[in-house]
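Novice: Just dropping this structure here.
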Amino acid sequence: MTVVEERPVPAAPPPPRKPHFAWSLLRNSWRQLTSMRTALVLLFLLAVAAIPGSVLPQRAVSPEKVTAYYTQHPDLAPKLEQIGGFAVYASPWFAAIYLLLFTSLVGCVVPRLRDHFRALRTVPPDAPKRLERLPQHAAVEERADDPADAAQAAASELRKRRFRTKVRERGDGTWTVSAEKGFLKETGNLFFHFALLTVLIGVGFGHWYGWHGNRILVEGNDQGFCNSVTQYDESSLGPRVDAADLPFFCLRLTDFQAAYQTTGQPKSFDADVEVQTKQDGPWKARHFTVNNPLRLSQANVHLLGHGYAVELRYTDRFGAQQTKVVPFLPTDGLFTSSGVGSFPDVNIDPKTNKRDVNLQVGFEGVFVPTVDPAGGATSVFPAENNPALFLTAYRGDLGVEVGNPGSVYSLDQGQIANGELKKVSGDRPQRLTPGQSWTLDDGTKVEFLATRPFATLAVRYDPTATLVLAGAVVGLLGLMLSLGGHRRRLWFRISPRDGSGSLMEAGGLPRTDYPGFAEEFGQIVGAARGPDGGTP
């Protein structure tokens with residue numbers, strides 16, 4: 001009787017665990033984000049997202065143009081404000097594209113850099129068995145020298161053309177020469193992408209540690225302005241910058257000259273200023289233009305625009321006078337300009353020294369440097385050939401008592417609508433030329449004394465400007481290398497011939513699109529075979 005020993009059946013191995021859905025989703029999302037295709041799409045989106053910043057006026061650059069845009073497009077401007085149209089580069093959606101592009105570039109460039117270093121350290125591969133299947137092939141030819149000498153001659157010719165070469169000997173007496181060239185293409189590609197990363201880093205750190213401010217500076221204002229947040233019309237400090245970190249300097253505009261063509265197009269703008277760079281230090285004269293900013297030690301002053309300031313003098317019912325120089329902001333290319341002259345501290349009884357807020361006066365006006373011959377409040381030329389000022393007077397509470405003066409370039413339309421400000425000048429604005437005066441219904445008088453030019457200055461400090469410039473230059477050089485480089489490989493196989501001599505065969509493979517590879521391959525093969533060539 002045979003006893004069959006029962007052995008336990010081994011348990012089947014457990015099935016491989018599937019990765020968790022969240023982990024798979026995260027891994028696949030990372031692969032998609034760090035692909036070169038995604039980086040190109042994000043770069044394109046960043047360029048598209050920057051278009052509104054060039055088309056629409058930006059508050060950080062030119063707040064007066066934003067104000068003019070609100071006046072011209074009262075319905076569209078608030079909607080654009082909600083989506084960051086006037087502060088594109090500080091908007092959340094632009095920052096999201098910026099950060100995604102940065103992450104994508106890091107994720108796709110770092111592995112390529114590692115692969116590129118590995119490729120540079122790796123010798124060219126050995127010749128394939130079937131050279132005739134390569135895109136370029138040179139048929140077998142007989143040579144008089146032995147295979148070793150023929151292989152060294154071919155390798156020497158390839159080195160002269162800056163190919164990386166590797167000579168190998170096989171056990172059957174056959175020699176192969178492997179050559180490779182064109183690594184500068186990938187090097188240039190990596191340079192370009194790292195330069196783009198440098199630019200992105202420079203822009204980011206420049207936003208953190210940089211600052212800028214805009215200021216309208218009227219010619220002849222002896223006080224000028226100093227580099228302080230409180231003295232800018234519009235300012236923005238980086239998250240890492242405090243108001244106390246701003247360097248000291250003061251500016252005052254001594255002369256401004258603008259020249260125009262006969263068509264009204266601007267020809268040149270020149271500004272002369274006096275600069276004080278030390279507390280109680282001397283004032284030094286400096287000159288700058290639109291394309292040649294005023295460069296200080298820790299800031300650059302750019303000339304963004306200009307306009308006209310109107311000098312008004314108001315005489316109240318008690319004979320007291322106040323004079324103000326009010327900048328009028330241009331609303332079109334021919335410098336039709338609008339502005340407001342507010343006089344809240346007037347009509348104060350000298351006996352009681354009491355002020356009635358309902359007797360405050362504001363003048364809303366339009367200034368034209370060259371008035372339309374038809375008499376309308378529209379300029380026909382930007383220079384002061386025939387200046388005129390059209391004023392509308394309002395009397396009432398200007399709102400300064402409650403600490404809410406509103407815009408200095410326009411009156412509060414809500415106060416006008418609810419009757420807090422009453423029009424006292426009739427239905428049509430009063431037209432004045434320099435030197436003329438206008439007496440109101442209560443005996444008070446306003447005089448249009450003169451005009452002064454003003455310049456819109458943008459004061460900026462960017463600590464990474466040099467880094468961004470270097471990144472742009474390196475990126476351009478890398479792009480040239482990437483477009484001009486062509487990666488290709490060549491092989492020679494030299495085998496011994498019966499008797500004496502050798503047999504040479506060659507093949508070539510372009511790794512990238514290279515229309516001139518056939519011609520180069522023919523020249524290299526011809527040079528490697530020597531002046532006498534061989535016998536097919």
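Every chain in the structure tokens takes a letter, A first, then B, and so on in the order presented; its residues are numbered from 1, and the ligands are numbered from 1 following the presented order.
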Among range 449-503 of chain A, which residues carry a DSSP assignment of alpha helix (DSSP H), reported as a PDB file with N, CA and C atoms, in the first residue's frame?
Specialist:
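Output (result_16.pdb):
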```pdb
ATOM      1  N   ALA A 465      17.131  94.375 -10.859  1.00  0.00           N
ATOM      2  CA  ALA A 465      17.114  94.762 -12.267  1.00  0.00           C
ATOM      3  C   ALA A 465      18.312  94.189 -13.020  1.00  0.00           C
ATOM      4  N   THR A 466      19.497  94.206 -12.388  1.00  0.00           N
ATOM      5  CA  THR A 466      20.687  93.646 -13.035  1.00  0.00           C
ATOM      6  C   THR A 466      20.548  92.143 -13.240  1.00  0.00           C
ATOM      7  N   LEU A 467      19.970  91.461 -12.247  1.00  0.00           N
ATOM      8  CA  LEU A 467      19.764  90.016 -12.369  1.00  0.00           C
ATOM      9  C   LEU A 467      18.804  89.694 -13.503  1.00  0.00           C
ATOM     10  N   VAL A 468      17.745  90.455 -13.622  1.00  0.00           N
ATOM     11  CA  VAL A 468      16.784  90.224 -14.703  1.00  0.00           C
ATOM     12  C   VAL A 468      17.429  90.497 -16.060  1.00  0.00           C
ATOM     13  N   LEU A 469      18.236  91.562 -16.130  1.00  0.00           N
ATOM     14  CA  LEU A 469      18.929  91.855 -17.387  1.00  0.00           C
ATOM     15  C   LEU A 469      19.886  90.735 -17.762  1.00  0.00           C
ATOM     16  N   ALA A 470      20.661  90.234 -16.768  1.00  0.00           N
ATOM     17  CA  ALA A 470      21.580  89.129 -17.048  1.00  0.00           C
ATOM     18  C   ALA A 470      20.818  87.892 -17.494  1.00  0.00           C
ATOM     19  N   GLY A 471      19.684  87.604 -16.852  1.00  0.00           N
ATOM     20  CA  GLY A 471      18.882  86.467 -17.267  1.00  0.00           C
ATOM     21  C   GLY A 471      18.364  86.612 -18.683  1.00  0.00           C
ATOM     22  N   ALA A 472      17.967  87.818 -19.058  1.00  0.00           N
ATOM     23  CA  ALA A 472      17.479  88.033 -20.419  1.00  0.00           C
ATOM     24  C   ALA A 472      18.593  87.839 -21.446  1.00  0.00           C
ATOM     25  N   VAL A 473      19.807  88.324 -21.131  1.00  0.00           N
ATOM     26  CA  VAL A 473      20.928  88.161 -22.065  1.00  0.00           C
ATOM     27  C   VAL A 473      21.314  86.693 -22.198  1.00  0.00           C
ATOM     28  N   VAL A 474      21.411  85.997 -21.063  1.00  0.00           N
ATOM     29  CA  VAL A 474      21.754  84.567 -21.108  1.00  0.00           C
ATOM     30  C   VAL A 474      20.670  83.786 -21.825  1.00  0.00           C
ATOM     31  N   GLY A 475      19.429  84.137 -21.602  1.00  0.00           N
ATOM     32  CA  GLY A 475      18.347  83.460 -22.302  1.00  0.00           C
ATOM     33  C   GLY A 475      18.416  83.649 -23.802  1.00  0.00           C
ATOM     34  N   LEU A 476      18.782  84.847 -24.240  1.00  0.00           N
ATOM     35  CA  LEU A 476      18.923  85.088 -25.676  1.00  0.00           C
ATOM     36  C   LEU A 476      20.072  84.285 -26.262  1.00  0.00           C
ATOM     37  N   LEU A 477      21.205  84.232 -25.555  1.00  0.00           N
ATOM     38  CA  LEU A 477      22.331  83.426 -26.028  1.00  0.00           C
ATOM     39  C   LEU A 477      21.970  81.940 -26.058  1.00  0.00           C
ATOM     40  N   GLY A 478      21.279  81.473 -25.013  1.00  0.00           N
ATOM     41  CA  GLY A 478      20.869  80.081 -24.992  1.00  0.00           C
ATOM     42  C   GLY A 478      19.908  79.750 -26.117  1.00  0.00           C
ATOM     43  N   LEU A 479      19.021  80.673 -26.436  1.00  0.00           N
ATOM     44  CA  LEU A 479      18.087  80.436 -27.539  1.00  0.00           C
ATOM     45  C   LEU A 479      18.827  80.354 -28.871  1.00  0.00           C
ATOM     46  N   MET A 480      19.851  81.187 -29.054  1.00  0.00           N
ATOM     47  CA  MET A 480      20.645  81.127 -30.281  1.00  0.00           C
ATOM     48  C   MET A 480      21.383  79.789 -30.392  1.00  0.00           C
ATOM     49  N   LEU A 481      21.950  79.322 -29.275  1.00  0.00           N
ATOM     50  CA  LEU A 481      22.620  78.011 -29.293  1.00  0.00           C
ATOM     51  C   LEU A 481      21.628  76.894 -29.570  1.00  0.00           C
ATOM     52  N   SER A 482      20.457  76.994 -28.976  1.00  0.00           N
ATOM     53  CA  SER A 482      19.463  75.943 -29.159  1.00  0.00           C
ATOM     54  C   SER A 482      18.972  75.882 -30.597  1.00  0.00           C
ATOM     55  N   LEU A 483      18.797  77.025 -31.217  1.00  0.00           N
ATOM     56  CA  LEU A 483      18.316  77.039 -32.603  1.00  0.00           C
ATOM     57  C   LEU A 483      19.426  76.722 -33.595  1.00  0.00           C
ATOM     58  N   GLY A 484      20.681  77.055 -33.251  1.00  0.00           N
ATOM     59  CA  GLY A 484      21.785  76.826 -34.187  1.00  0.00           C
ATOM     60  C   GLY A 484      22.458  75.475 -34.052  1.00  0.00           C
TER      61      GLY A 484
END
```
Novice: Quick one: residues within 10 Å of Pro135 in chain A, only C-alpha atoms, excluding same-chain residues fewer than 2 positions away - as a PyMOL selection string?
Specialist: chain A and resi 131-133+137+507-510+517-518
Novice: Using only C-alpha atoms, determine which residues lie at most 12 Å from Gly499 in chain A, disregarding the query and same-chain residues fewer than 4 positions distant; provide the list as a list of chain:residue names.
Specialist: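 Counting only the stated atoms, we get A:Glu142, A:Arg143, A:Ala144, A:Asp145, A:Asp146, A:Leu503.
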Novice: Limited to all heavy atoms, could you put the picked residues into a file as an mmCIF file, in the first residue's frame?
Specialist:
```
data_model
loop_
_atom_site.group_PDB
_atom_site.id
_atom_site.type_symbol
_atom_site.label_atom_id
_atom_site.label_comp_id
_atom_site.auth_asym_id
_atom_site.auth_seq_id
_atom_site.Cartn_x
_atom_site.Cartn_y
_atom_site.Cartn_z
ATOM 1 N N GLU A 142 37.544 49.653 -50.267
ATOM 2 C CA GLU A 142 38.827 49.044 -49.902
ATOM 3 C C GLU A 142 39.866 50.127 -49.640
ATOM 4 O O GLU A 142 39.888 51.158 -50.314
ATOM 5 C CB GLU A 142 39.311 48.122 -51.017
ATOM 6 C CG GLU A 142 38.405 46.931 -51.274
ATOM 7 C CD GLU A 142 38.949 46.030 -52.363
ATOM 8 O OE1 GLU A 142 39.983 46.412 -52.962
ATOM 9 O OE2 GLU A 142 38.349 44.967 -52.624
ATOM 10 N N ARG A 143 40.711 49.862 -48.628
ATOM 11 C CA ARG A 143 41.805 50.762 -48.295
ATOM 12 C C ARG A 143 43.090 49.962 -48.233
ATOM 13 O O ARG A 143 43.097 48.752 -47.932
ATOM 14 C CB ARG A 143 41.554 51.446 -46.939
ATOM 15 C CG ARG A 143 40.360 52.389 -46.947
ATOM 16 C CD ARG A 143 40.167 52.983 -45.571
ATOM 17 N NE ARG A 143 41.348 53.692 -45.104
ATOM 18 C CZ ARG A 143 41.588 54.982 -45.295
ATOM 19 N NH1 ARG A 143 40.708 55.715 -45.958
ATOM 20 N NH2 ARG A 143 42.684 55.539 -44.849
ATOM 21 N N ALA A 144 44.181 50.687 -48.468
ATOM 22 C CA ALA A 144 45.478 49.997 -48.496
ATOM 23 C C ALA A 144 46.064 49.814 -47.109
ATOM 24 O O ALA A 144 46.865 48.912 -46.881
ATOM 25 C CB ALA A 144 46.465 50.770 -49.376
ATOM 26 N N ASP A 145 45.689 50.687 -46.135
ATOM 27 C CA ASP A 145 46.276 50.580 -44.803
ATOM 28 C C ASP A 145 45.497 49.561 -43.970
ATOM 29 O O ASP A 145 44.385 49.133 -44.317
ATOM 30 C CB ASP A 145 46.285 51.935 -44.109
ATOM 31 C CG ASP A 145 44.928 52.627 -44.213
ATOM 32 O OD1 ASP A 145 44.021 52.054 -44.847
ATOM 33 O OD2 ASP A 145 44.776 53.732 -43.663
ATOM 34 N N ASP A 146 46.098 49.193 -42.835
ATOM 35 C CA ASP A 146 45.449 48.186 -41.993
ATOM 36 C C ASP A 146 44.325 48.831 -41.188
ATOM 37 O O ASP A 146 44.214 50.050 -41.118
ATOM 38 C CB ASP A 146 46.467 47.522 -41.065
ATOM 39 C CG ASP A 146 47.168 48.530 -40.166
ATOM 40 O OD1 ASP A 146 46.600 49.629 -39.934
ATOM 41 O OD2 ASP A 146 48.275 48.260 -39.704
ATOM 42 N N LEU A 503 38.646 47.194 -45.156
ATOM 43 C CA LEU A 503 37.378 47.590 -45.754
ATOM 44 C C LEU A 503 36.704 48.598 -44.820
ATOM 45 O O LEU A 503 36.552 48.339 -43.619
ATOM 46 C CB LEU A 503 36.469 46.373 -45.955
ATOM 47 C CG LEU A 503 37.007 45.264 -46.854
ATOM 48 C CD1 LEU A 503 36.061 44.073 -46.849
ATOM 49 C CD2 LEU A 503 37.230 45.763 -48.275
#
```
Novice: Calculated over only C-alpha atoms, which of the candidates A:Val459, A:Leu184, A:Leu56, A:Ala151 has the smallest distance to Cys250 in chain A?
Specialist: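 Among the listed residues, the smallest separation from Cys250 in chain A belongs to A:Val459.
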Novice: Go ahead and compute the interatomic distance for CA of Thr198 in chain A and CA of Val106 in chain A, in Å to one decimal.
Specialist: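 Value for the CA of Thr198 in chain A-CA of Val106 in chain A distance: 11.0 Å.
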Novice: Quick one: of A:Gly53, A:Gly220, A:Gly501, A:Pro124, who's nearest to Asp255 in chain A, counting only C-alpha atoms?
Specialist: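 Looking only at the distances to Asp255 in chain A, the closest residue turns out to be A:Gly220.
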